[in-house]
file upload_0.cif (mmCIF, C-alpha atoms and all ligand atoms)
data_run
loop_
_atom_site.label_atom_id
_atom_site.label_comp_id
_atom_site.auth_asym_id
_atom_site.auth_seq_id
_atom_site.Cartn_x
_atom_site.Cartn_y
_atom_site.Cartn_z
CA MET O 383 27.15 -0.92 -28.26
CA ILE O 384 28.66 -1.44 -24.83
CA LYS O 385 27.40 -4.65 -23.26
CA GLY O 386 30.14 -5.57 -20.82
CA PHE O 387 32.69 -4.22 -18.39
CA ILE O 388 36.00 -5.82 -17.46
CA PHE O 389 37.69 -4.73 -14.24
CA ASP O 390 41.25 -4.96 -13.11
CA LEU O 391 41.37 -5.80 -9.40
CA ASP O 392 44.29 -4.17 -7.64
CA GLY O 393 44.05 -0.39 -7.87
CA VAL O 394 40.53 -0.43 -9.30
CA ILE O 395 38.32 -2.52 -6.99
CA THR O 396 40.62 -2.44 -3.96
CA ASP O 397 44.08 -1.20 -3.13
CA THR O 398 46.32 -4.17 -2.42
CA ALA O 399 49.45 -2.25 -3.56
CA GLU O 400 50.32 -1.46 0.06
CA LEU O 401 50.08 -5.15 1.06
CA HIS O 402 52.21 -6.18 -1.95
CA TYR O 403 54.69 -3.48 -0.92
CA ASP O 404 54.94 -4.78 2.67
CA ALA O 405 55.49 -8.36 1.49
CA TRP O 406 58.14 -7.45 -1.12
CA LYS O 407 59.84 -5.17 1.44
CA LYS O 408 60.02 -7.99 3.98
CA LEU O 409 61.57 -10.36 1.43
CA SER O 410 63.97 -7.66 0.17
CA ASP O 411 65.13 -6.82 3.70
CA GLU O 412 65.88 -10.50 4.30
CA MET O 413 67.82 -10.67 1.03
CA ASN O 414 69.59 -7.33 1.56
CA TRP O 415 68.00 -5.99 -1.62
CA LYS O 416 67.07 -2.35 -2.12
CA PHE O 417 63.32 -1.89 -2.41
CA ASP O 418 61.31 1.30 -2.09
CA ARG O 419 57.94 2.76 -3.06
CA GLU O 420 59.25 4.05 -6.37
CA LEU O 421 60.26 0.53 -7.38
CA ASN O 422 56.96 -0.83 -6.02
CA GLU O 423 55.15 1.46 -8.51
CA LYS O 424 56.88 -0.39 -11.37
CA LEU O 425 55.25 -3.64 -10.20
CA ARG O 426 51.72 -2.28 -10.65
CA GLY O 427 49.70 -4.73 -12.73
CA ILE O 428 52.56 -7.08 -13.62
CA SER O 429 52.78 -10.73 -12.58
CA ARG O 430 54.56 -12.06 -9.48
CA MET O 431 57.42 -13.63 -11.46
CA ASP O 432 57.87 -10.50 -13.59
CA SER O 433 57.84 -8.46 -10.37
CA ILE O 434 60.66 -10.37 -8.68
CA LYS O 435 62.71 -10.10 -11.87
CA VAL O 436 62.26 -6.30 -11.85
CA ILE O 437 63.46 -6.19 -8.22
CA MET O 438 66.44 -8.46 -8.94
CA ASP O 439 67.44 -6.43 -12.03
CA HIS O 440 67.26 -3.26 -9.96
CA ASN O 441 69.68 -4.86 -7.48
CA GLY O 442 71.94 -6.36 -10.14
CA VAL O 443 71.19 -9.86 -8.80
CA SER O 444 70.81 -13.04 -10.82
CA LEU O 445 69.80 -16.40 -9.35
CA ASP O 446 68.80 -19.79 -10.76
CA GLU O 447 65.11 -20.20 -11.67
CA ALA O 448 64.31 -22.62 -8.81
CA THR O 449 65.60 -20.10 -6.22
CA VAL O 450 63.66 -17.27 -7.87
CA VAL O 451 60.44 -19.34 -7.69
CA GLU O 452 61.16 -20.18 -4.04
CA LEU O 453 61.66 -16.49 -3.15
CA ALA O 454 58.54 -15.41 -5.04
CA THR O 455 56.59 -18.09 -3.15
CA LYS O 456 57.95 -16.77 0.14
CA LYS O 457 56.74 -13.28 -0.74
CA ASN O 458 53.37 -14.70 -1.72
CA ASP O 459 52.95 -16.51 1.60
CA ILE O 460 53.49 -13.21 3.42
CA TYR O 461 51.06 -11.42 1.08
CA VAL O 462 48.33 -14.09 1.31
CA GLU O 463 48.48 -14.07 5.09
CA SER O 464 47.99 -10.30 5.11
CA LEU O 465 44.81 -10.71 3.01
CA ASP O 466 43.10 -12.33 6.03
CA ASP O 467 42.64 -8.83 7.44
CA MET O 468 40.84 -7.55 4.33
CA THR O 469 37.08 -6.94 4.78
CA PRO O 470 34.13 -5.57 2.76
CA ASP O 471 35.18 -2.13 4.07
CA ASP O 472 38.23 -2.30 1.81
CA TYR O 473 36.67 -1.46 -1.57
CA LEU O 474 38.16 1.65 -3.11
CA PRO O 475 35.55 4.42 -2.68
CA GLY O 476 33.05 4.23 -5.56
CA ALA O 477 33.93 0.70 -6.70
CA ARG O 478 31.11 -1.18 -4.98
CA GLU O 479 28.60 1.47 -6.03
CA LEU O 480 29.64 1.17 -9.69
CA LEU O 481 29.51 -2.65 -9.64
CA THR O 482 26.06 -2.57 -8.03
CA HIS O 483 24.81 -0.07 -10.62
CA LEU O 484 26.17 -2.11 -13.56
CA ARG O 485 24.44 -5.26 -12.31
CA SER O 486 21.15 -3.46 -11.79
CA GLU O 487 21.33 -2.12 -15.38
CA GLY O 488 21.96 -5.66 -16.69
CA PHE O 489 25.53 -5.25 -18.01
CA SER O 490 27.84 -8.27 -18.11
CA VAL O 491 30.78 -7.90 -15.74
CA ALA O 492 34.13 -9.73 -15.65
CA LEU O 493 37.36 -9.53 -13.70
CA GLY O 494 40.63 -9.28 -15.64
CA SER O 495 43.43 -9.37 -13.06
CA ALA O 496 47.08 -10.43 -13.16
CA SER O 497 46.79 -11.80 -9.63
CA LYS O 498 46.73 -15.49 -8.82
CA ASN O 499 45.08 -14.52 -5.54
CA ALA O 500 42.10 -12.74 -7.08
CA ASN O 501 39.54 -15.25 -5.80
CA LYS O 502 40.74 -14.83 -2.24
CA VAL O 503 40.63 -11.02 -2.51
CA LEU O 504 37.09 -11.10 -3.96
CA LYS O 505 35.95 -13.43 -1.16
CA GLN O 506 37.41 -11.16 1.52
CA LEU O 507 35.56 -8.20 -0.04
CA ASN O 508 32.37 -10.26 -0.50
CA ALA O 509 32.48 -9.27 -4.19
CA VAL O 510 32.27 -12.64 -5.97
CA HIS O 511 28.56 -12.18 -6.83
CA PHE O 512 29.30 -9.05 -8.91
CA PHE O 513 31.17 -11.05 -11.58
CA ASP O 514 29.87 -13.31 -14.36
CA VAL O 515 33.43 -14.31 -15.22
CA ILE O 516 36.62 -14.26 -13.17
CA GLY O 517 39.79 -13.97 -15.24
CA ASP O 518 42.93 -13.99 -13.09
CA GLY O 519 46.62 -14.87 -13.14
CA ASN O 520 45.71 -18.55 -13.50
CA SER O 521 43.54 -18.05 -16.61
CA VAL O 522 46.23 -17.14 -19.17
CA SER O 523 50.00 -17.47 -19.42
CA LYS O 524 50.94 -14.16 -21.06
CA SER O 525 50.48 -11.26 -18.65
CA LYS O 526 49.80 -7.56 -19.33
CA PRO O 527 50.77 -5.68 -21.54
CA ALA O 528 49.61 -8.68 -23.62
CA PRO O 529 45.82 -8.45 -24.12
CA ASP O 530 45.26 -12.15 -23.27
CA ILE O 531 43.55 -11.74 -19.90
CA PHE O 532 41.02 -9.25 -21.30
CA LEU O 533 40.44 -11.40 -24.41
CA TYR O 534 39.88 -14.40 -22.11
CA ALA O 535 37.31 -12.40 -20.11
CA SER O 536 35.42 -11.04 -23.13
CA GLU O 537 35.36 -14.44 -24.82
CA LYS O 538 33.91 -16.05 -21.67
CA LEU O 539 31.31 -13.27 -21.53
CA GLY O 540 30.49 -14.03 -25.17
CA LEU O 541 31.29 -10.46 -26.20
CA ARG O 542 33.63 -8.83 -28.70
CA PRO O 543 36.29 -6.39 -27.46
CA GLU O 544 34.52 -3.42 -29.12
CA ASN O 545 31.46 -4.16 -26.94
CA CYS O 546 33.47 -3.98 -23.70
CA ILE O 547 35.04 -1.28 -21.55
CA VAL O 548 38.16 -2.16 -19.53
CA PHE O 549 38.90 -0.39 -16.25
CA GLU O 550 42.62 -0.27 -15.37
CA ASP O 551 44.99 1.59 -13.06
CA ALA O 552 48.29 0.39 -14.57
CA GLU O 553 50.16 1.73 -17.60
CA LYS O 554 50.71 -1.82 -18.86
CA GLY O 555 47.03 -2.61 -18.21
CA ILE O 556 45.91 0.19 -20.53
CA ASP O 557 48.50 -1.01 -23.07
CA ALA O 558 46.89 -4.48 -22.82
CA ALA O 559 43.35 -3.10 -23.29
CA LYS O 560 44.45 -1.14 -26.35
CA ALA O 561 46.33 -4.11 -27.81
CA GLY O 562 43.08 -6.11 -27.57
CA LYS O 563 41.03 -3.25 -29.15
CA PHE O 564 38.91 -2.70 -26.04
CA HIS O 565 37.58 0.68 -24.96
CA SER O 566 39.50 1.81 -21.90
CA VAL O 567 39.00 3.79 -18.71
CA GLY O 568 42.17 4.73 -16.82
CA ILE O 569 42.05 5.21 -13.06
CA GLY O 570 44.90 7.35 -11.75
CA PRO O 571 47.32 10.09 -12.81
CA GLU O 572 47.89 11.30 -16.38
CA GLU O 573 51.50 10.10 -16.43
CA ARG O 574 50.33 6.54 -15.72
CA VAL O 575 47.04 6.09 -17.59
CA GLY O 576 46.83 9.21 -19.76
CA HIS O 577 46.80 6.98 -22.85
CA ALA O 578 43.38 5.49 -21.91
CA ASP O 579 40.28 6.61 -23.90
CA ILE O 580 39.10 8.43 -20.79
CA ARG O 581 40.65 8.92 -17.39
CA PHE O 582 39.42 9.56 -13.86
CA GLU O 583 41.67 10.45 -10.96
CA THR O 584 39.86 7.97 -8.66
CA MET O 585 37.07 5.36 -8.85
CA LYS O 586 34.83 7.74 -6.93
CA GLN O 587 34.51 9.92 -10.04
CA ALA O 588 33.96 6.92 -12.34
CA THR O 589 30.17 6.69 -12.04
CA LEU O 590 28.08 5.01 -14.74
CA PHE O 591 26.61 8.43 -15.54
CA GLU O 592 30.09 9.88 -16.20
CA VAL O 593 31.22 6.85 -18.20
CA LYS O 594 28.08 6.97 -20.35
CA SER O 595 28.47 10.68 -20.99
CA HIS O 596 32.07 10.19 -22.17
CA PHE O 597 31.27 7.23 -24.45
CA LYS O 598 27.90 8.72 -25.55
CA GLU O 599 27.76 7.17 -29.01
CA LEU O 600 28.43 3.68 -27.63
CA PHE O 601 25.42 3.38 -25.29
C1 LIG M 1 48.03 -7.35 -9.29
C2 LIG M 1 49.05 -6.28 -8.83
C3 LIG M 1 50.49 -6.61 -9.13
C4 LIG M 1 50.80 -8.04 -8.74
C5 LIG M 1 49.89 -8.95 -9.55
C6 LIG M 1 50.14 -10.43 -9.25
O1 LIG M 1 47.58 -7.14 -10.57
O2 LIG M 1 48.78 -5.02 -9.40
O3 LIG M 1 51.34 -5.71 -8.45
O4 LIG M 1 52.17 -8.35 -8.98
O5 LIG M 1 48.53 -8.68 -9.24
O6 LIG M 1 49.66 -10.73 -7.98
P1 LIG M 1 49.82 -12.16 -7.24
O7 LIG M 1 51.21 -12.21 -6.70
O8 LIG M 1 48.73 -12.09 -6.18
O9 LIG M 1 49.55 -13.24 -8.26
P2 LIG M 1 46.13 -6.51 -11.06
O10 LIG M 1 46.13 -6.98 -12.48
O11 LIG M 1 44.97 -7.07 -10.25
O12 LIG M 1 46.30 -5.04 -10.88
MG MG M 2 45.83 -2.93 -11.20
#

call {"tool": "encode", "arguments": {"input": "upload_0.cif", "output": "structure tokens", "more": "lines below"}}
Ligand code: G16
Ligand code: MG
result
Amino acid sequence: MIKGFIFDLDGVITDTAELHYDAWKKLSDEMNWKFDRELNEKLRGISRMDSIKVIMDHNGVSLDEATVVELATKKNDIYVESLDDMTPDDYLPGARELLTHLRSEGFSVALGSASKNANKVLKQLNAVHFFDVIGDGNSVSKSKPAPDIFLYASEKLGLRPENCIVFEDAEKGIDAAKAGKFHSVGIGPEERVGHADIRFETMKQATLFEVKSHFKELF
């Protein structure tokens, strides 16, 4: 029986990828590092510190840990400032409708995001009230593809993984859901989330009706 839903934030509820891109690009330009959209794609769903390491590896750069933390903080300051412009108009199409529907049908709902800024993003969207539990980058230490953030969310909801569906847009996010034995819905292209139990190209197609008809025996 499905009793709960766990949502990734970036790429599922709202698209902050562009804001992350701008902030990493600004830092990279200052550092004379190469950074483009293809590399930005590799950062989808992974933590801030893992992200800067991917960028440094790509540029063949190695720095001491304190400097890496300082640079990641610099990027974060740029990113957080850009969140001030986010409004309730910035849900991905279909996301608010699905959250509203799930609440009205009495499902438990949690957030399972890698971001340490998830609370700020939810506040800007006016989305805090949709969630019984908020699991974010501060809740666990091992990030996706480890299942920890989703296990944290389901445990706080008082549910077992087999009673929850995880929504994710990142390859490593689906890996994490599967590692935790959750049911999974992938949002995005086949090459990224084709390994999810079911996949929709966008959140707009991911209505409760569609989800129920795919997981028929579980409702
Ligand atoms: C999001 C983004 C990632 C980002 C991560 C950490 O994860 O997809 O690109 O690196 O958060 O963000 P922050 O620097 O704000 O802590 P998710 O899990 O919400 O997709
Ligand atoms: Mg995501």

call {"tool": "closest_residue", "arguments": {"input": "upload_0.cif", "among": "O:Met431, O:Ala496, O:Ile580, O:Leu481", "to": "ligand MG 2 (chain M)", "atoms": "all atoms listed in the file"}}
result
O:Ala496

call {"tool": "residues_around", "arguments": {"input": "upload_0.cif", "residues": "segment 585-594 of chain O", "least_positions_apart": "5", "cutoff": "9 Å", "atoms": "only C-alpha atoms", "output": "PyMOL selection string"}}
result
chain O and resi 394-395+474-477+479-480+483-484+567+569-570+580+599-601

call {"tool": "closest_atom_pairs", "arguments": {"input": "upload_0.cif", "of": "chain O", "to": "ligand MG 2 (chain M)", "cutoff": "10 Å", "atoms": "all atoms listed in the file", "output": "CSV"}}
result
residue,atom,partner,partner_atom,distance
O:Phe389,CA,M:MG2,MG,8.9
O:Asp390,CA,M:MG2,MG,5.4
O:Leu391,CA,M:MG2,MG,5.6
O:Asp392,CA,M:MG2,MG,4.1
O:Gly393,CA,M:MG2,MG,4.6
O:Val394,CA,M:MG2,MG,6.2
O:Ile395,CA,M:MG2,MG,8.6
O:Thr396,CA,M:MG2,MG,8.9
O:Asp397,CA,M:MG2,MG,8.4
O:Thr398,CA,M:MG2,MG,8.9
O:Ala399,CA,M:MG2,MG,8.5
O:Leu425,CA,M:MG2,MG,9.5
O:Arg426,CA,M:MG2,MG,6.0
O:Gly427,CA,M:MG2,MG,4.5
O:Ile428,CA,M:MG2,MG,8.3
O:Gly494,CA,M:MG2,MG,9.3
O:Ser495,CA,M:MG2,MG,7.1
O:Ala496,CA,M:MG2,MG,7.9
O:Ser497,CA,M:MG2,MG,9.1
O:Phe549,CA,M:MG2,MG,8.9
O:Glu550,CA,M:MG2,MG,5.9
O:Asp551,CA,M:MG2,MG,5.0
O:Ala552,CA,M:MG2,MG,5.3
O:Glu553,CA,M:MG2,MG,9.0
O:Lys554,CA,M:MG2,MG,9.1
O:Gly555,CA,M:MG2,MG,7.1
O:Ile556,CA,M:MG2,MG,9.8
O:Ile569,CA,M:MG2,MG,9.2

call {"tool": "write_last_selection", "arguments": {"input": "upload_0.cif", "atoms": "C-alpha atoms", "output": "mmCIF file, in the coordinates of the input"}}
result
data_model
loop_
_atom_site.group_PDB
_atom_site.id
_atom_site.type_symbol
_atom_site.label_atom_id
_atom_site.label_comp_id
_atom_site.auth_asym_id
_atom_site.auth_seq_id
_atom_site.Cartn_x
_atom_site.Cartn_y
_atom_site.Cartn_z
ATOM 1 C CA PHE O 389 37.690 -4.730 -14.240
ATOM 2 C CA ASP O 390 41.250 -4.960 -13.110
ATOM 3 C CA LEU O 391 41.370 -5.800 -9.400
ATOM 4 C CA ASP O 392 44.290 -4.170 -7.640
ATOM 5 C CA GLY O 393 44.050 -0.390 -7.870
ATOM 6 C CA VAL O 394 40.530 -0.430 -9.300
ATOM 7 C CA ILE O 395 38.320 -2.520 -6.990
ATOM 8 C CA THR O 396 40.620 -2.440 -3.960
ATOM 9 C CA ASP O 397 44.080 -1.200 -3.130
ATOM 10 C CA THR O 398 46.320 -4.170 -2.420
ATOM 11 C CA ALA O 399 49.450 -2.250 -3.560
ATOM 12 C CA LEU O 425 55.250 -3.640 -10.200
ATOM 13 C CA ARG O 426 51.720 -2.280 -10.650
ATOM 14 C CA GLY O 427 49.700 -4.730 -12.730
ATOM 15 C CA ILE O 428 52.560 -7.080 -13.620
ATOM 16 C CA GLY O 494 40.630 -9.280 -15.640
ATOM 17 C CA SER O 495 43.430 -9.370 -13.060
ATOM 18 C CA ALA O 496 47.080 -10.430 -13.160
ATOM 19 C CA SER O 497 46.790 -11.800 -9.630
ATOM 20 C CA PHE O 549 38.900 -0.390 -16.250
ATOM 21 C CA GLU O 550 42.620 -0.270 -15.370
ATOM 22 C CA ASP O 551 44.990 1.590 -13.060
ATOM 23 C CA ALA O 552 48.290 0.390 -14.570
ATOM 24 C CA GLU O 553 50.160 1.730 -17.600
ATOM 25 C CA LYS O 554 50.710 -1.820 -18.860
ATOM 26 C CA GLY O 555 47.030 -2.610 -18.210
ATOM 27 C CA ILE O 556 45.910 0.190 -20.530
ATOM 28 C CA ILE O 569 42.050 5.210 -13.060
#

call {"tool": "residues_around", "arguments": {"input": "upload_0.cif", "residues": "Lys407 of chain O", "least_positions_apart": "3", "cutoff": "9 Å", "atoms": "all atoms listed in the file", "output": "list in words"}}
result
His402, Tyr403, Asp404, Ser410, Asp411, Glu412, Trp415, Lys416, Phe417, Asp418 and Lys457 of chain O

call {"tool": "axis_aligned_box", "arguments": {"input": "upload_0.cif", "around": "segment 437-452 of chain O", "padding_each_side": "8 Å", "output": "lines of an AutoDock Vina configuration file"}}
result
center_x = 66.2
center_y = -12.9
center_z = -8.0
size_x = 27.5
size_y = 35.4
size_z = 24.0

call {"tool": "atom_distance", "arguments": {"input": "upload_0.cif", "atom1": "atom O2 of ligand LIG 1 (chain M)", "atom2": "atom CA of Asn422 of chain O"}}
result
9.8 Å

call {"tool": "residues_near_point", "arguments": {"input": "upload_0.cif", "point": "(49.0, 9.7, -16.1)", "cutoff": "10 Å", "atoms": "all atoms listed in the file", "output": "MDAnalysis selection string"}}
result
chainID O and resid 551:553 568:578 581:583

call {"tool": "atom_distance", "arguments": {"input": "upload_0.cif", "atom1": "atom O9 of ligand LIG 1 (chain M)", "atom2": "atom CA of Lys560 of chain O"}}
result
22.4 Å

call {"tool": "closest_residue", "arguments": {"input": "upload_0.cif", "among": "O:Tyr534, O:Phe597, O:Phe512, O:Tyr461", "to": "Arg478 of chain O", "atoms": "all atoms listed in the file"}}
result
O:Phe512

call {"tool": "closest_residue", "arguments": {"input": "upload_0.cif", "among": "O:Asn414, O:Thr449, O:Ser536, O:Asn458", "to": "Gly386 of chain O", "atoms": "only C-alpha atoms"}}
result
O:Ser536

call {"tool": "closest_atom_pairs", "arguments": {"input": "upload_0.cif", "of": "segment 401-460 of chain O", "to": "segment 464-469 of chain O", "cutoff": "9 Å", "atoms": "all atoms listed in the file", "output": "JSON lines"}}
result
{"residue": "O:Leu401", "atom": "CA", "partner": "O:Ser464", "partner_atom": "CA", "distance": 6.9}
{"residue": "O:Ala405", "atom": "CA", "partner": "O:Ser464", "partner_atom": "CA", "distance": 8.6}
{"residue": "O:Asp459", "atom": "CA", "partner": "O:Ser464", "partner_atom": "CA", "distance": 8.7}
{"residue": "O:Ile460", "atom": "CA", "partner": "O:Ser464", "partner_atom": "CA", "distance": 6.4}

call {"tool": "write_last_selection", "arguments": {"input": "upload_0.cif", "atoms": "C-alpha atoms", "output": "tab-separated table (two decimals), in the coordinates of the input"}}
result
chain	number	residue	atom	x	y	z
O	401	LEU	CA	50.08	-5.15	1.06
O	405	ALA	CA	55.49	-8.36	1.49
O	459	ASP	CA	52.95	-16.51	1.60
O	460	ILE	CA	53.49	-13.21	3.42

call {"tool": "atom_distance", "arguments": {"input": "upload_0.cif", "atom1": "atom CA of His596 of chain O", "atom2": "atom CA of His565 of chain O"}}
result
11.3 Å

call {"tool": "closest_residue", "arguments": {"input": "upload_0.cif", "among": "O:Gly519, O:Pro543, O:Gly488, O:Pro470", "to": "ligand LIG 1 (chain M)", "atoms": "only C-alpha atoms and all ligand atoms"}}
result
O:Gly519

call {"tool": "residues_around", "arguments": {"input": "upload_0.cif", "residues": "Lys424 of chain O", "least_positions_apart": "4", "cutoff": "9 Å", "atoms": "only C-alpha atoms", "output": "count of residues only"}}
result
5

call {"tool": "closest_residue", "arguments": {"input": "upload_0.cif", "among": "O:Ser523, O:Ser444, O:Ser566, O:Thr455", "to": "ligand LIG 1 (chain M)", "atoms": "only C-alpha atoms and all ligand atoms"}}
result
O:Thr455

call {"tool": "closest_residue", "arguments": {"input": "upload_0.cif", "among": "O:Asp446, O:Asp471, O:Gly517, O:Val491", "to": "ligand LIG 1 (chain M)", "atoms": "all atoms listed in the file"}}
result
O:Gly517

call {"tool": "residues_near_point", "arguments": {"input": "upload_0.cif", "point": "(36.9, -16.7, -22.6)", "cutoff": "12 Å", "atoms": "all atoms listed in the file", "output": "count of residues only"}}
result
24
